[in-house]
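S.K.: Let me begin by handing over the structure; questions about it come next.
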Amino acid sequence: MSLSADLREEILRLKDEKRAIILSHNYQRDEVQDLADFVGDSLELSRTASTIECDVIVFCGVNFMAESASILSPEKTVLLPELDANCPMADMIQVSSARKVWKTFPGYEVQPAFVFPHEFTLRDMKARYPGVPVVAYVNTTADVKAESDICCTSANVVKVVESLPGDKVICVPDRNLSLWAQKNTTKQVIAWDGFCHVHDRVTKEDVARARGEHPRALLMAHPECRPEVLERADHVTSTSGMLRFAAASEAKEFIVGTEVGLMHRLKKENPDKVFYSLRKDMICPNMKKTTLNSVLRALKEMKNVIKVPEDVRIPAKRALDRMLGIK
Ligand code: 13P
Ligand code: SF4
């Protein structure tokens with residue numbers, strides 16, 4: 001038996017023994033996705049984490065995802081196989097004491113925006129717009145969720161914004177997602193200046209090049225991309241939204257404007273269709289940290305338990321539950 005077959009077998013044995021479930025985001029390594037009980041976008045994974053019957057959830061994703069699972073199901077043990085798998089965008093907003101410098105990423109060019117200081121905090125923003133409801137993208141830390149009225153994901157941001165009273169909403173931390181929501185609602189969306197380094201690097205020139213190379217392909221783009229990219233796309237949606245769109249479409253070729261990990265399911269579920277990455281370097285290094293070895297280690301040693309203190313968990317759960325209540 002090959003090494004990875006051995007690893008898989010050992011993980012599956014431990015999974016049974018510990019009544020564990022493995023959840024994987026659509027951006028995880030191919031072999032991690034293939035091992036998981038459920039693979040999905042952030043909204044689907046939150047829904048699954050809140051309803052699934054098990055004792056242990058092994059969350060193959062980044063830390064805000066495991067945190068959300070633990071907030072929703074505190075009675076379960078939630079494991080994050082790689083403790084430093086974080087989402088840099090989630091670190092771009094703080095509740096009350098702003099950090100001055102973003103973290104940088106090994107192997108990636110540091111964009112100037114990564115180092116601009118954010119001295120402003122979420123509480124400052126709330127004080128500037130008193131009474132305006134706050135929508136926190138799920139790509140935030142638990143304490144930011146706890147300070148917000150409701151959460152959203154890329155799949156439901158417009159519905160969430162529309163569900164709130166009044167004519168203004170504050171939307172944090174992704175400026176591109178906020179601008180996308182603004183285009184699709186009559187409410188005024190007050191945005192934070194955060195971004196995802198994987199999606200924000202794509203430009204209209206990349207779109208022109210990809211369209212030139214693949215003239216028959218439809219372009220799907222994630223709402224974390226810049227407005228100049230979204231306005232040139234055929235369809236703007238979450239990662240699982242792209243899977244549904246590609247499966248239902250008559251088209252045979254697609255340019256994929258999101259992290260390259262989604263290519264695995266797109267190709268597997270649509271063997272008669274062809275998929276091209278909008279940019280080959282749309283790689284989230286944090287999503288790629290989790291390996292079969294780290295899943296095995298976490299399960300064997302019950303290591304890297306994610307737990308949120310109750311004074312943060314309860315208000316954060318309120319914001320997540322309010323989102324999950326929107327159909
Ligand atoms: P989805 O919710 O669309 O899967 O996106 C999550 C994410 O982190 C995008 O970068
Ligand atoms: Fe965060 Fe972007 Fe990675 Fe998604 S792709 S986890 S938003 S850094």
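In the structure tokens, chains take the letters A, B, ... in the order shown, each chain's residues start at 1, and ligands count up from 1 in the order shown.
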Residues within 8 Å of ligand 2, counting only C-alpha atoms and all ligand atoms: report them as a ChimeraX atom specification.
M.R.: /A:27,61-62,86-90,139,195-199,224,258-259,283-287
S.K.: Emit the selected residues as an mmCIF file, in the first residue's frame, including N, CA and C atoms.
M.R.:
```cif
data_model
loop_
_atom_site.group_PDB
_atom_site.id
_atom_site.type_symbol
_atom_site.label_atom_id
_atom_site.label_comp_id
_atom_site.auth_asym_id
_atom_site.auth_seq_id
_atom_site.Cartn_x
_atom_site.Cartn_y
_atom_site.Cartn_z
ATOM 1 N N TYR A 27 -10.884 25.168 -0.853
ATOM 2 C CA TYR A 27 -9.521 25.556 -1.238
ATOM 3 C C TYR A 27 -8.449 24.608 -0.714
ATOM 4 N N GLY A 61 -9.272 23.946 7.134
ATOM 5 C CA GLY A 61 -9.559 25.275 6.583
ATOM 6 C C GLY A 61 -8.660 26.253 7.296
ATOM 7 N N VAL A 62 -9.159 27.460 7.534
ATOM 8 C CA VAL A 62 -8.361 28.439 8.299
ATOM 9 C C VAL A 62 -9.063 28.726 9.624
ATOM 10 N N ASN A 86 -4.071 30.832 9.256
ATOM 11 C CA ASN A 86 -4.959 31.963 9.533
ATOM 12 C C ASN A 86 -5.400 32.630 8.243
ATOM 13 N N CYS A 87 -6.341 33.562 8.349
ATOM 14 C CA CYS A 87 -6.778 34.320 7.172
ATOM 15 C C CYS A 87 -6.281 35.750 7.380
ATOM 16 N N PRO A 88 -5.302 36.188 6.569
ATOM 17 C CA PRO A 88 -4.759 37.528 6.770
ATOM 18 C C PRO A 88 -5.832 38.624 6.735
ATOM 19 N N MET A 89 -6.862 38.427 5.937
ATOM 20 C CA MET A 89 -7.905 39.463 5.905
ATOM 21 C C MET A 89 -8.599 39.578 7.267
ATOM 22 N N ALA A 90 -8.816 38.433 7.930
ATOM 23 C CA ALA A 90 -9.475 38.469 9.244
ATOM 24 C C ALA A 90 -8.644 39.260 10.250
ATOM 25 N N ASN A 139 -15.118 35.825 7.581
ATOM 26 C CA ASN A 139 -13.652 35.909 7.634
ATOM 27 C C ASN A 139 -13.247 36.984 8.639
ATOM 28 N N PHE A 195 -8.849 43.455 2.679
ATOM 29 C CA PHE A 195 -8.888 42.753 1.388
ATOM 30 C C PHE A 195 -8.231 41.387 1.522
ATOM 31 N N CYS A 196 -8.512 40.534 0.563
ATOM 32 C CA CYS A 196 -7.859 39.221 0.492
ATOM 33 C C CYS A 196 -6.720 39.329 -0.512
ATOM 34 N N HIS A 197 -5.504 39.018 -0.077
ATOM 35 C CA HIS A 197 -4.344 39.192 -0.969
ATOM 36 C C HIS A 197 -4.391 38.249 -2.166
ATOM 37 N N VAL A 198 -5.149 37.151 -2.064
ATOM 38 C CA VAL A 198 -5.226 36.192 -3.176
ATOM 39 C C VAL A 198 -6.137 36.745 -4.293
ATOM 40 N N HIS A 199 -7.230 37.346 -3.907
ATOM 41 C CA HIS A 199 -8.207 37.833 -4.889
ATOM 42 C C HIS A 199 -7.932 39.270 -5.324
ATOM 43 N N GLU A 224 -14.574 38.656 -3.631
ATOM 44 C CA GLU A 224 -13.404 39.270 -3.005
ATOM 45 C C GLU A 224 -12.478 39.898 -4.052
ATOM 46 N N THR A 258 -10.930 32.476 -8.712
ATOM 47 C CA THR A 258 -10.792 32.268 -7.264
ATOM 48 C C THR A 258 -9.588 31.376 -7.002
ATOM 49 N N GLU A 259 -9.381 31.029 -5.742
ATOM 50 C CA GLU A 259 -8.214 30.244 -5.334
ATOM 51 C C GLU A 259 -8.169 28.916 -6.105
ATOM 52 N N ILE A 283 -3.181 31.487 -5.019
ATOM 53 C CA ILE A 283 -2.963 30.394 -4.050
ATOM 54 C C ILE A 283 -2.974 30.994 -2.652
ATOM 55 N N CYS A 284 -3.803 30.445 -1.790
ATOM 56 C CA CYS A 284 -3.842 30.903 -0.401
ATOM 57 C C CYS A 284 -2.893 30.006 0.405
ATOM 58 N N PRO A 285 -1.714 30.505 0.791
ATOM 59 C CA PRO A 285 -0.737 29.651 1.475
ATOM 60 C C PRO A 285 -1.280 29.072 2.773
ATOM 61 N N ASN A 286 -2.141 29.812 3.439
ATOM 62 C CA ASN A 286 -2.695 29.316 4.710
ATOM 63 C C ASN A 286 -3.628 28.135 4.494
ATOM 64 N N MET A 287 -4.375 28.157 3.394
ATOM 65 C CA MET A 287 -5.279 27.042 3.091
ATOM 66 C C MET A 287 -4.490 25.781 2.738
#
```
S.K.: Let me have all residues with an atom within 6 Å of ligand 1, counting only C-alpha atoms and all ligand atoms, laid out as number ranges by chain.
M.R.: A: 41-43, 153-154, 238-239
S.K.: Would you write out those residues with N, CA, C and O atoms, as a tab-separated table (two decimals), in the first residue's frame?
M.R.:
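Output contents, as saved in out-v6.tsv:
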```tsv
chain	number	residue	atom	x	y	z
A	41	ASP	N	-18.31	25.61	0.76
A	41	ASP	CA	-17.93	27.01	0.96
A	41	ASP	C	-18.18	27.38	2.42
A	41	ASP	O	-18.66	26.55	3.21
A	42	SER	N	-17.89	28.62	2.79
A	42	SER	CA	-17.98	28.99	4.21
A	42	SER	C	-19.39	28.84	4.76
A	42	SER	O	-19.57	28.41	5.90
A	43	LEU	N	-20.38	29.18	3.96
A	43	LEU	CA	-21.77	29.10	4.44
A	43	LEU	C	-22.16	27.64	4.65
A	43	LEU	O	-22.70	27.27	5.70
A	153	THR	N	-21.58	35.65	4.46
A	153	THR	CA	-20.51	35.02	3.68
A	153	THR	C	-20.62	35.58	2.27
A	153	THR	O	-21.54	36.38	1.98
A	154	SER	N	-19.72	35.13	1.40
A	154	SER	CA	-19.79	35.63	0.02
A	154	SER	C	-21.06	35.14	-0.66
A	154	SER	O	-21.50	35.71	-1.65
A	238	SER	N	-19.92	32.74	-4.71
A	238	SER	CA	-19.04	32.06	-3.76
A	238	SER	C	-18.39	30.85	-4.45
A	238	SER	O	-18.74	30.49	-5.58
A	239	THR	N	-17.52	30.16	-3.72
A	239	THR	CA	-16.85	29.01	-4.33
A	239	THR	C	-17.86	27.91	-4.70
A	239	THR	O	-17.82	27.40	-5.82
```
S.K.: Run DSSP on the backbone and tell me which residues of stretch 58-256 of chain A come out as strand (DSSP E); list them as a PyMOL selection string.
M.R.: chain A and resi 58-60+77-79+134-137+150-152+168-172+188-191+218-221+235-236+253-256
S.K.: Write out as a PyMOL selection string the set of residues from stretch 46-207 of chain A that DSSP, computed on the backbone, places in helix (DSSP H, G or I).
M.R.: chain A and resi 46-51+63-72+90-92+112-115+122-128+142-146+157-163+175-183+204-207
S.K.: Quick one: pull the distance between atom CA of A:Leu83 and atom CA of A:Thr291, Å, one decimal.
M.R.: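 Result for atom CA of A:Leu83 versus atom CA of A:Thr291: 12.4 Å, one decimal.
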S.K.: Atom CA of A:Cys60 and atom CA of A:Asn293 are how many Å apart?
M.R.: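 Separation of atom CA of A:Cys60 and atom CA of A:Asn293: 12.0 Å.
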S.K.: Give me the residues of stretch 294-325 of chain A that have any atom at most 12 Å from an atom of stretch 156-159 of chain A; for each, the nearest atom pair and the distance in Å, rounded to one decimal. Use only C-alpha atoms, sort by chain and number, and format it as CSV.
M.R.:
```
residue,atom,partner,partner_atom,distance
A:Arg322,CA,A:Lys159,CA,11.9
A:Met323,CA,A:Asn156,CA,8.5
A:Leu324,CA,A:Asn156,CA,9.8
A:Gly325,CA,A:Lys159,CA,11.2
```
